[in-house]
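Remarks on the structure that follows.
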Amino acid sequence: MAPESSILELDRVTGGYGGAEIIHEVSVRVAPAEVVVLIGPNGAGKSSVMNAVLGRLRVDGGRIRLAGRDITGAPPEQVVRRGVCYVPQTENVFPNLSVNENLEMGAYIRTDDFQPRIEEMYDLFPPLAERRRAPAGTLSGGQRQMVAIAKALMVDPVVLLLDEPTAGLSPRVRGDIFRVVSEINARGVPILMVEQNAKQAIAIADRGYVLVDGRNRLEGTGAGLLADPDVGATFLGGGGDSRVDAPAGEAGDAGSHSENRRGEVGMQGGEGRHDADPEPEAPAPGSGADASDGRETAKPGTGAPTGNPGAGRP
Ligand SMILES: Nc1ncnc2c1ncn2[C@@H]1O[C@H](COP(=O)(O)OP(=O)(O)OP(=O)(O)O)[C@@H](O)[C@H]1O
Ligand SMILES: [Mg+2]
């Protein structure tokens, strides 16, 4: 696909923090209708790729384009205003604010009436509607992740970046999150997602990239990566890592509550225990560019209520 048709494109990007170079000539692209997954071992540079897009990594070489426009080296607030919505790996909600207040914080750059958008988010995440007055810190891990995603979606994303949205969640709750990711994409939002739960993530992705030691190692369609013996051996075989052990089919299983290592239960399943919430960094960014292309593509896991996240943008 030609670069012009990519919503987001990293073209041989090299960069790092301080003196260190962390990513080396990394190329990743996301087309308008795609879910693209970025997988790789811990420390491979996956979050750094997102930081490069967000203007939080020093870029020494290569170009980054958003909807055909060069954003290489643009400061974070500009990237956000151009429509890059981001859900960080950790510290992604304000634990002391209510669910509703978190959503309001997500709309901080909007100057119009965002109440319809809040209702749209409750429609997309029904469990949150019942907890809208509860402090986000009292929610289960899965519900908090939904708050983080909903907060990012309070502005219209040109592209949504999700950094490990299912980390620490039980297989069943992971399935809930992946279904929501598919639904958001089906509503017209391109998504770049870092994931450790590679098999489930690849199952809902159009394409994926494997990053190792800050370099592109492999790329392919979801089906191609699932069938690739290297990917299978390295990332999908389980190997004692419970984060990669869930079969893809499990994503659709809404059966009995399964507890994860932290004892969380499913998003419909009441109050799971969770780790202490650190204080959040900045509110999830977002912006006002129009990304809605109205496409309707059937994908595994799609099944949430329909709607248009493009509605009510600033
Ligand atoms: N702010 C920072 N300053 C300096 N080095 C950093 C910073 N953030 C990450 N690094 C280093 O960059 C490398 C890549 O880290 P990064 O967080 O991008 O990896 P990752 O693939 O997201 O890993 P994980 O799966 O653990 O989240 C690591 O060696 C890490 O220690
Ligand atoms: Mg990371």
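Residue numbering restarts at 1 for every chain of the structure tokens, chains are lettered A, B, ... in their displayed order, and ligands are numbered from 1 as they appear.
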- prompt: How would you write, as a PyMOL selection string, the set of residues no farther than 10 Å from ligand 2 when counting only C-alpha atoms and all ligand atoms?
  reply: chain A and resi 39-51+88-90+163-164+194-196
Surrounding residues of Arg217 (chain A) excluding itself and chain neighbours under 3 positions, 12 Å, only C-alpha atoms, as a count of residues only: 22
message: Can you pull out the residues contacting Val181 (chain A)? Cut-off 12 Å, using only C-alpha atoms, and skip same-chain residues under 3 positions away; I want them as a PyMOL selection string.
response: chain A and resi 34-37+124-125+145-146+149-150+153+160-162+164-166+174-178+184-193+200-201+203-205+251+299-304
message: Please compute the CA of Glu101 (chain A)-atom 22 (O, counted along the ligand's line) of ligand 1 distance, one decimal, in Å.
response: 28.7 Å
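Between CA of Val173 (chain A) and CA of Leu139 (chain A) lies a distance of 13.2 Å.
Closest approach to ligand 1 among A:Val53, A:Val155, A:Ile22, A:Cys85: A:Ile22, based on only C-alpha atoms and all ligand atoms.
Note that DSSP on the backbone gives helix (DSSP H, G or I) to these residues of region 149-184 of chain A: Ile149, Ala150, Lys151, Ala152, Pro171, Arg172, Val173, Arg174, Gly175, Asp176, Ile177, Phe178, Arg179, Val180, Val181, Ser182, Glu183 and Ile184 of chain A.
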Got time to write the residues from that selection, N, CA and C atoms, as a PDB file, in the first residue's frame?
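Saved the output as again_14.pdb:
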ATOM      1  N   ILE A 149      -9.871   3.574  27.915  1.00  0.00           N
ATOM      2  CA  ILE A 149     -10.133   3.613  26.475  1.00  0.00           C
ATOM      3  C   ILE A 149     -11.234   4.630  26.173  1.00  0.00           C
ATOM      4  N   ALA A 150     -12.287   4.605  26.978  1.00  0.00           N
ATOM      5  CA  ALA A 150     -13.394   5.549  26.763  1.00  0.00           C
ATOM      6  C   ALA A 150     -12.905   6.985  26.912  1.00  0.00           C
ATOM      7  N   LYS A 151     -12.032   7.207  27.879  1.00  0.00           N
ATOM      8  CA  LYS A 151     -11.486   8.552  28.093  1.00  0.00           C
ATOM      9  C   LYS A 151     -10.731   9.015  26.841  1.00  0.00           C
ATOM     10  N   ALA A 152      -9.945   8.114  26.261  1.00  0.00           N
ATOM     11  CA  ALA A 152      -9.194   8.469  25.048  1.00  0.00           C
ATOM     12  C   ALA A 152     -10.130   8.749  23.884  1.00  0.00           C
ATOM     13  N   PRO A 171      -8.157 -14.179  31.072  1.00  0.00           N
ATOM     14  CA  PRO A 171      -8.493 -14.463  29.675  1.00  0.00           C
ATOM     15  C   PRO A 171      -9.889 -13.999  29.287  1.00  0.00           C
ATOM     16  N   ARG A 172     -10.847 -14.179  30.173  1.00  0.00           N
ATOM     17  CA  ARG A 172     -12.201 -13.792  29.815  1.00  0.00           C
ATOM     18  C   ARG A 172     -12.329 -12.268  29.667  1.00  0.00           C
ATOM     19  N   VAL A 173     -11.723 -11.547  30.590  1.00  0.00           N
ATOM     20  CA  VAL A 173     -11.797 -10.087  30.518  1.00  0.00           C
ATOM     21  C   VAL A 173     -10.985  -9.579  29.326  1.00  0.00           C
ATOM     22  N   ARG A 174      -9.881 -10.260  29.039  1.00  0.00           N
ATOM     23  CA  ARG A 174      -9.117  -9.906  27.834  1.00  0.00           C
ATOM     24  C   ARG A 174     -10.015 -10.000  26.609  1.00  0.00           C
ATOM     25  N   GLY A 175     -10.811 -11.077  26.567  1.00  0.00           N
ATOM     26  CA  GLY A 175     -11.734 -11.251  25.445  1.00  0.00           C
ATOM     27  C   GLY A 175     -12.708 -10.077  25.348  1.00  0.00           C
ATOM     28  N   ASP A 176     -13.194  -9.631  26.499  1.00  0.00           N
ATOM     29  CA  ASP A 176     -14.109  -8.476  26.508  1.00  0.00           C
ATOM     30  C   ASP A 176     -13.413  -7.250  25.922  1.00  0.00           C
ATOM     31  N   ILE A 177     -12.172  -7.027  26.326  1.00  0.00           N
ATOM     32  CA  ILE A 177     -11.435  -5.850  25.844  1.00  0.00           C
ATOM     33  C   ILE A 177     -11.179  -5.971  24.335  1.00  0.00           C
ATOM     34  N   PHE A 178     -10.763  -7.148  23.892  1.00  0.00           N
ATOM     35  CA  PHE A 178     -10.494  -7.316  22.461  1.00  0.00           C
ATOM     36  C   PHE A 178     -11.766  -7.135  21.632  1.00  0.00           C
ATOM     37  N   ARG A 179     -12.904  -7.583  22.178  1.00  0.00           N
ATOM     38  CA  ARG A 179     -14.171  -7.370  21.451  1.00  0.00           C
ATOM     39  C   ARG A 179     -14.461  -5.882  21.304  1.00  0.00           C
ATOM     40  N   VAL A 180     -14.201  -5.148  22.375  1.00  0.00           N
ATOM     41  CA  VAL A 180     -14.432  -3.707  22.331  1.00  0.00           C
ATOM     42  C   VAL A 180     -13.479  -3.039  21.329  1.00  0.00           C
ATOM     43  N   VAL A 181     -12.236  -3.509  21.293  1.00  0.00           N
ATOM     44  CA  VAL A 181     -11.268  -2.964  20.333  1.00  0.00           C
ATOM     45  C   VAL A 181     -11.783  -3.194  18.908  1.00  0.00           C
ATOM     46  N   SER A 182     -12.288  -4.396  18.649  1.00  0.00           N
ATOM     47  CA  SER A 182     -12.838  -4.686  17.325  1.00  0.00           C
ATOM     48  C   SER A 182     -14.026  -3.788  17.005  1.00  0.00           C
ATOM     49  N   GLU A 183     -14.845  -3.563  18.015  1.00  0.00           N
ATOM     50  CA  GLU A 183     -16.037  -2.748  17.805  1.00  0.00           C
ATOM     51  C   GLU A 183     -15.657  -1.286  17.508  1.00  0.00           C
ATOM     52  N   ILE A 184     -14.697  -0.785  18.243  1.00  0.00           N
ATOM     53  CA  ILE A 184     -14.240   0.595  18.006  1.00  0.00           C
ATOM     54  C   ILE A 184     -13.710   0.711  16.579  1.00  0.00           C
TER      55      ILE A 184
END
- prompt: Nearest to Pro95 (chain A) among A:Ala20, A:Ala148, A:Leu226, A:Val30, with distances taken over only C-alpha atoms: which residue is it?
  reply: A:Ala148
Pick from A:Glu120, A:Glu130, A:Asp60, A:Glu77, whichever lies nearest to Val13 (chain A) using only C-alpha atoms: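 So, comparing all the options, the nearest one is A:Asp60.
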message: Counting only C-alpha atoms, which residue out of A:Ala33, A:Leu10, A:Arg132, A:Arg82 sits closest to Arg207 (chain A)?
response: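 Closest to Arg207 (chain A) of all the choices is A:Ala33.
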- request: Mind checking which residues fall within 7 Å of Ala31 (chain A), counting only C-alpha atoms, ignoring those fewer than 2 positions away in the same chain, and posting them as an MDAnalysis selection string?
  value: chainID A and resid 5:8 29 33:34
message: For a quick check of understanding, using only C-alpha atoms, which of A:Ala223, A:Leu66, A:Val147, A:Ala107 has the smallest distance to Gln78 (chain A)?
response: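 Once distances to Gln78 (chain A) are computed over only C-alpha atoms, the minimum belongs to A:Leu66.
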query: So what do you get for CA of Asp156 (chain A) versus atom 23 (O, counted along the ligand's line) of ligand 1, distance-wise?
result: 27.6 Å
query: Quick one: of A:Glu219, A:Asp113, A:Asp11, A:Glu21, who's nearest to ligand 1, counting only C-alpha atoms and all ligand atoms?
result: A:Glu21
DSSP-assigned strand (DSSP E) members of region 9-132 of chain A, reported as JSON, numbers by chain: {"A": [9, 10, 11, 12, 13, 14, 15, 16, 23, 24, 25, 26, 27, 28, 29, 30, 35, 36, 37, 38, 39, 58, 59, 60, 61, 62, 63, 64, 65, 66, 69, 70, 84, 85, 86, 87]}
